[in-house]
Amino acid sequence: MFDDAVILVTGGTGSWGNELITQLLDNHSPKEIRVYSRGEHMQVKMRAKFYNNKNLKFIIGDVRDKNILGLAMTGVDYVFHLAALKHVPVCEENTWETVLTNIYGTQNVIECAISNNVKKVIDISTDKAVDPFNHYGVSKACAEKMIVNASFNYQTDTKFVCIRGGNVLGTNGSVIPLFKSQILSNNYVTITDPNMTRYLMSKKEAIGLVFEAVEKSIGGEIFVMRMPATSVKNMADALVILFGNDKTNLKVIGARPGEKIDEVLVSKNESPFTKILDEKYFVILPQQDNPELLDRYDDYPNIDTESFDSRNTRQLSVNDLVLELEKEKWLMSS
């Protein structure tokens, strides 16, 4: 579906954007990929990484700026909406800036996509949007509702779909490179709570699942990655095995404002509307009565748990993590 297509990626210079664009270029033949982001420096780095690939076009712009976003979306077939303020402490301290980017920015994406007759908008969401406990989660929960409702609230042929995932290895600001840096610099690791659990998946796997969801979606769904999880202590222990020694210390510093002990990808309130798509995905159907969606997913079984969280999913052991991390070239070589 992406062959000979024009694709826009908001926030395209981030970790997800880099992997998304890599897989688009490796596995498909798009006519053009437009990388839309605010940071000049990151665009220069990305341009060099892809050796000035002629299929890539870089556009400086902010999702808050509807005029520039609309121009960037001219003639676009598919939009991947990745732009967001996402670090929990940053969003807690900059609440209005978070609203402007994560909520206003998403509405701008919706309106520009409709006015430019975009075929499909794919919003990348997060486990923090489920039963939100911090401002980042609240803003992304709003964005999810806006994306899903856009499929029903406007007279448009543009389709809107949401994809919800948890933590991905190697994304900007993730805890894995922080732990490595702490071990190499000071031979200790600071952990907030050893019993805290988090979903975990490689970037390559996560983006591969994104493409599957895009191809299967008809609009109005929230696709949920059935990600494995592990404890924060297991993460720290795996990094100590890889980069530390018998003198490496673990320091418990307590949870930061807005952090949960466990993360959730399907809440108990969503489970009545949730279907088991396959071994990789759940799909959450909208509460609005939509015959097309009900017919599309009628033969799929309902979810068999009250909720799907990072405590009741498949758990990765320390050895599992070591094996997975050894595959991450960015971690082992840097």
# chains A, B, ... in the order shown; residues from 1 in each chain; ligands from 1
$ closest_atom_pairs --of "region 114-174 of chain A" --to "region 3-6 of chain A" --cutoff "12 Å" --atoms "only C-alpha atoms" --output "Markdown table"
| residue | atom | partner | partner_atom | distance |
| --- | --- | --- | --- | --- |
| A:Val118 | CA | A:Val6 | CA | 9.7 |
| A:Lys119 | CA | A:Ala5 | CA | 10.3 |
| A:Lys120 | CA | A:Val6 | CA | 11.5 |
$ residues_around --residues "region 50-61 of chain A" --least-positions-apart "2" --cutoff "12 Å" --atoms "only C-alpha atoms" --output "PyMOL selection string"
chain A and resi 3-13+18-19+21-22+24-26+28-48+63-73+83+105
$ residues_around --residues "region 281-286 of chain A" --least-positions-apart "3" --cutoff "10 Å" --atoms "only C-alpha atoms" --output "PDB file with C-alpha atoms, in the first residue's frame"
ATOM      1  CA  LYS A 145     -10.104  10.142  21.492  1.00  0.00           C
ATOM      2  CA  VAL A 148     -10.752   7.744  16.869  1.00  0.00           C
ATOM      3  CA  ASN A 149     -13.668  10.198  16.824  1.00  0.00           C
ATOM      4  CA  PHE A 152     -17.034   9.416  12.756  1.00  0.00           C
ATOM      5  CA  CYS A 162      -4.496   4.645  16.520  1.00  0.00           C
ATOM      6  CA  ILE A 163      -1.676   2.275  17.496  1.00  0.00           C
ATOM      7  CA  ARG A 164      -0.888   1.920  21.187  1.00  0.00           C
ATOM      8  CA  LEU A 209       3.762  -4.271  14.011  1.00  0.00           C
ATOM      9  CA  GLU A 212       0.676  -4.723  10.046  1.00  0.00           C
ATOM     10  CA  ALA A 213      -1.910  -2.637  11.873  1.00  0.00           C
ATOM     11  CA  SER A 217      -7.208  -1.214   9.806  1.00  0.00           C
ATOM     12  CA  GLY A 219     -10.534   3.355  10.481  1.00  0.00           C
ATOM     13  CA  GLY A 220     -11.697   4.055  14.028  1.00  0.00           C
ATOM     14  CA  GLU A 221      -9.752   1.268  15.754  1.00  0.00           C
ATOM     15  CA  ILE A 222      -7.097   1.353  18.444  1.00  0.00           C
ATOM     16  CA  PHE A 223      -4.571  -1.411  17.798  1.00  0.00           C
ATOM     17  CA  VAL A 224      -2.751  -2.578  20.922  1.00  0.00           C
ATOM     18  CA  MET A 225       0.620  -4.285  20.696  1.00  0.00           C
ATOM     19  CA  ARG A 226       0.711  -7.427  22.844  1.00  0.00           C
ATOM     20  CA  MET A 227       4.116  -6.564  24.250  1.00  0.00           C
ATOM     21  CA  LEU A 265      -2.363  -1.246  27.526  1.00  0.00           C
ATOM     22  CA  VAL A 266      -6.028  -2.281  27.840  1.00  0.00           C
ATOM     23  CA  GLU A 270     -11.961  -0.954  27.510  1.00  0.00           C
ATOM     24  CA  SER A 271     -11.916  -4.745  27.742  1.00  0.00           C
ATOM     25  CA  PRO A 272     -15.640  -5.160  26.851  1.00  0.00           C
ATOM     26  CA  PHE A 273     -14.853  -3.477  23.513  1.00  0.00           C
ATOM     27  CA  THR A 274     -11.601  -5.373  22.897  1.00  0.00           C
ATOM     28  CA  LYS A 275     -11.038  -8.227  20.453  1.00  0.00           C
ATOM     29  CA  ILE A 276      -8.117 -10.650  20.133  1.00  0.00           C
ATOM     30  CA  LEU A 277      -6.903 -10.008  16.598  1.00  0.00           C
ATOM     31  CA  ASP A 278      -3.965 -12.452  16.666  1.00  0.00           C
ATOM     32  CA  ASP A 289     -22.241   1.940  17.123  1.00  0.00           C
ATOM     33  CA  ASN A 290     -20.472   1.384  13.813  1.00  0.00           C
ATOM     34  CA  LEU A 293     -16.377  -2.105  12.303  1.00  0.00           C
ATOM     35  CA  LEU A 294     -18.696  -4.520  14.124  1.00  0.00           C
ATOM     36  CA  TYR A 297     -14.334  -7.873  13.728  1.00  0.00           C
ATOM     37  CA  TYR A 300     -12.783 -12.405  16.480  1.00  0.00           C
ATOM     38  CA  ASN A 302     -13.274 -11.056  22.985  1.00  0.00           C
ATOM     39  CA  ILE A 303     -10.292 -10.428  25.250  1.00  0.00           C
ATOM     40  CA  PHE A 308      -3.950  -6.189  29.920  1.00  0.00           C
TER      41      PHE A 308
END
$ select_by_dssp --residues "region 169-249 of chain A" --states "strand (DSSP E or B)" --output "ChimeraX atom specification"
/A:188-191,197-199,201,222-225,229-231,249
$ residues_around --residues "Met146 (chain A)" --least-positions-apart "6" --cutoff "9 Å" --atoms "only C-alpha atoms" --output "count of residues only"
4
$ closest_residue --among "A:Glu215, A:Leu321, A:Pro177, A:Val210" --to "Met235 (chain A)" --atoms "only C-alpha atoms"
A:Leu321
$ residues_around --residues "region 94-97 of chain A" --least-positions-apart "5" --cutoff "10 Å" --atoms "only C-alpha atoms" --output "list of chain:residue names"
A:Leu85, A:Val88, A:Pro89, A:Asn102, A:Ile103, A:Tyr104, A:His135, A:Tyr136, A:Ser139
$ closest_residue --among "A:Thr98, A:Ser317, A:Gln287, A:Ser267" --to "Val138 (chain A)" --atoms "only C-alpha atoms"
A:Thr98
$ residues_around --residues "Asp127 (chain A)" --least-positions-apart "3" --cutoff "6 Å" --atoms "only C-alpha atoms" --output "PyMOL selection string"
chain A and resi 130+165-166+264-265
$ residues_around --residues "region 245-258 of chain A" --least-positions-apart "6" --cutoff "8 Å" --atoms "only C-alpha atoms" --output "ChimeraX atom specification"
/A:88-89,92,133-135,183,187-194,236
$ select_by_dssp --residues "region 38-224 of chain A" --states "helix (DSSP H, G or I)" --output "number ranges by chain"
A: 40-49, 66-72, 88-93, 95-115, 127-129, 135-153, 175-186, 203-216
$ write_last_selection --atoms "C-alpha atoms" --output "PDB file, in the first residue's frame"
ATOM      1  CA  GLU A  40      17.235  21.683  12.287  1.00  0.00           C
ATOM      2  CA  HIS A  41      20.139  19.812  13.901  1.00  0.00           C
ATOM      3  CA  MET A  42      18.304  16.480  13.983  1.00  0.00           C
ATOM      4  CA  GLN A  43      17.269  16.898  10.358  1.00  0.00           C
ATOM      5  CA  VAL A  44      20.870  17.551   9.310  1.00  0.00           C
ATOM      6  CA  LYS A  45      21.971  14.388  11.155  1.00  0.00           C
ATOM      7  CA  MET A  46      19.203  12.336   9.604  1.00  0.00           C
ATOM      8  CA  ARG A  47      19.921  13.640   6.118  1.00  0.00           C
ATOM      9  CA  ALA A  48      23.539  12.512   6.518  1.00  0.00           C
ATOM     10  CA  LYS A  49      22.460   9.122   7.886  1.00  0.00           C
ATOM     11  CA  LYS A  66      -1.441  24.614  11.023  1.00  0.00           C
ATOM     12  CA  ASN A  67      -0.501  26.705   7.979  1.00  0.00           C
ATOM     13  CA  ILE A  68       2.914  25.086   7.451  1.00  0.00           C
ATOM     14  CA  LEU A  69       1.549  21.643   8.357  1.00  0.00           C
ATOM     15  CA  GLY A  70      -1.208  22.015   5.773  1.00  0.00           C
ATOM     16  CA  LEU A  71       1.271  22.971   3.063  1.00  0.00           C
ATOM     17  CA  ALA A  72       3.506  20.038   4.016  1.00  0.00           C
ATOM     18  CA  VAL A  88       6.900  12.409  31.820  1.00  0.00           C
ATOM     19  CA  PRO A  89       8.885  14.908  33.965  1.00  0.00           C
ATOM     20  CA  VAL A  90       9.064  17.440  31.114  1.00  0.00           C
ATOM     21  CA  CYS A  91       5.307  17.237  30.575  1.00  0.00           C
ATOM     22  CA  GLU A  92       4.637  17.541  34.315  1.00  0.00           C
ATOM     23  CA  GLU A  93       6.675  20.750  34.445  1.00  0.00           C
ATOM     24  CA  THR A  95       1.731  21.433  31.131  1.00  0.00           C
ATOM     25  CA  TRP A  96       0.508  24.055  28.665  1.00  0.00           C
ATOM     26  CA  GLU A  97       3.305  23.367  26.190  1.00  0.00           C
ATOM     27  CA  THR A  98       2.274  19.721  26.341  1.00  0.00           C
ATOM     28  CA  VAL A  99      -1.342  20.652  25.564  1.00  0.00           C
ATOM     29  CA  LEU A 100      -0.270  22.787  22.598  1.00  0.00           C
ATOM     30  CA  THR A 101       1.806  20.005  21.023  1.00  0.00           C
ATOM     31  CA  ASN A 102      -0.004  16.811  21.994  1.00  0.00           C
ATOM     32  CA  ILE A 103      -3.618  18.020  21.793  1.00  0.00           C
ATOM     33  CA  TYR A 104      -3.728  21.125  19.589  1.00  0.00           C
ATOM     34  CA  GLY A 105      -1.090  19.588  17.339  1.00  0.00           C
ATOM     35  CA  THR A 106      -3.144  16.424  16.892  1.00  0.00           C
ATOM     36  CA  GLN A 107      -6.245  18.426  15.970  1.00  0.00           C
ATOM     37  CA  ASN A 108      -4.170  20.294  13.392  1.00  0.00           C
ATOM     38  CA  VAL A 109      -3.055  16.969  11.923  1.00  0.00           C
ATOM     39  CA  ILE A 110      -6.696  15.832  11.709  1.00  0.00           C
ATOM     40  CA  GLU A 111      -7.939  18.997  10.029  1.00  0.00           C
ATOM     41  CA  CYS A 112      -5.027  19.248   7.595  1.00  0.00           C
ATOM     42  CA  ALA A 113      -5.414  15.590   6.633  1.00  0.00           C
ATOM     43  CA  ILE A 114      -9.104  16.042   5.895  1.00  0.00           C
ATOM     44  CA  SER A 115      -8.570  19.219   3.865  1.00  0.00           C
ATOM     45  CA  ASP A 127       0.438   2.905  27.358  1.00  0.00           C
ATOM     46  CA  LYS A 128       0.566   6.149  29.375  1.00  0.00           C
ATOM     47  CA  ALA A 129      -2.768   7.101  27.741  1.00  0.00           C
ATOM     48  CA  HIS A 135      -0.018  14.938  32.253  1.00  0.00           C
ATOM     49  CA  TYR A 136       1.677  13.218  29.326  1.00  0.00           C
ATOM     50  CA  GLY A 137      -0.805  10.356  29.627  1.00  0.00           C
ATOM     51  CA  VAL A 138      -3.766  12.726  29.891  1.00  0.00           C
ATOM     52  CA  SER A 139      -2.698  14.585  26.754  1.00  0.00           C
ATOM     53  CA  LYS A 140      -2.205  11.359  24.790  1.00  0.00           C
ATOM     54  CA  ALA A 141      -5.555  10.000  26.008  1.00  0.00           C
ATOM     55  CA  CYS A 142      -7.180  13.145  24.586  1.00  0.00           C
ATOM     56  CA  ALA A 143      -5.260  12.699  21.332  1.00  0.00           C
ATOM     57  CA  GLU A 144      -6.477   9.085  21.062  1.00  0.00           C
ATOM     58  CA  LYS A 145     -10.104  10.142  21.492  1.00  0.00           C
ATOM     59  CA  MET A 146      -9.658  12.864  18.885  1.00  0.00           C
ATOM     60  CA  ILE A 147      -8.122  10.461  16.354  1.00  0.00           C
ATOM     61  CA  VAL A 148     -10.752   7.744  16.869  1.00  0.00           C
ATOM     62  CA  ASN A 149     -13.668  10.198  16.824  1.00  0.00           C
ATOM     63  CA  ALA A 150     -12.347  11.887  13.675  1.00  0.00           C
ATOM     64  CA  SER A 151     -13.400   8.768  11.772  1.00  0.00           C
ATOM     65  CA  PHE A 152     -17.034   9.416  12.756  1.00  0.00           C
ATOM     66  CA  ASN A 153     -17.396  13.143  13.480  1.00  0.00           C
ATOM     67  CA  VAL A 175      16.146   3.926  30.629  1.00  0.00           C
ATOM     68  CA  ILE A 176      18.425   1.312  29.003  1.00  0.00           C
ATOM     69  CA  PRO A 177      21.082   3.758  27.681  1.00  0.00           C
ATOM     70  CA  LEU A 178      20.815   5.693  30.965  1.00  0.00           C
ATOM     71  CA  PHE A 179      21.635   2.563  32.970  1.00  0.00           C
ATOM     72  CA  LYS A 180      24.574   1.794  30.683  1.00  0.00           C
ATOM     73  CA  SER A 181      25.930   5.320  31.057  1.00  0.00           C
ATOM     74  CA  GLN A 182      25.611   5.202  34.849  1.00  0.00           C
ATOM     75  CA  ILE A 183      27.465   1.890  35.036  1.00  0.00           C
ATOM     76  CA  LEU A 184      30.315   2.969  32.766  1.00  0.00           C
ATOM     77  CA  SER A 185      30.671   6.376  34.446  1.00  0.00           C
ATOM     78  CA  ASN A 186      30.055   5.636  38.145  1.00  0.00           C
ATOM     79  CA  LYS A 203      12.237  -0.733  17.636  1.00  0.00           C
ATOM     80  CA  LYS A 204      12.375  -3.103  14.685  1.00  0.00           C
ATOM     81  CA  GLU A 205       9.613  -5.303  16.110  1.00  0.00           C
ATOM     82  CA  ALA A 206       7.455  -2.347  17.116  1.00  0.00           C
ATOM     83  CA  ILE A 207       7.587  -0.649  13.715  1.00  0.00           C
ATOM     84  CA  GLY A 208       6.949  -3.954  11.971  1.00  0.00           C
ATOM     85  CA  LEU A 209       3.762  -4.271  14.011  1.00  0.00           C
ATOM     86  CA  VAL A 210       2.799  -0.718  13.074  1.00  0.00           C
ATOM     87  CA  PHE A 211       2.817  -1.656   9.399  1.00  0.00           C
ATOM     88  CA  GLU A 212       0.676  -4.723  10.046  1.00  0.00           C
ATOM     89  CA  ALA A 213      -1.910  -2.637  11.873  1.00  0.00           C
ATOM     90  CA  VAL A 214      -1.972  -0.004   9.147  1.00  0.00           C
ATOM     91  CA  GLU A 215      -2.690  -2.625   6.504  1.00  0.00           C
ATOM     92  CA  LYS A 216      -5.423  -4.344   8.551  1.00  0.00           C
TER      93      LYS A 216
END
$ atom_distance --atom1 "CA of Glu306 (chain A)" --atom2 "CA of Asn269 (chain A)"
8.5 Å
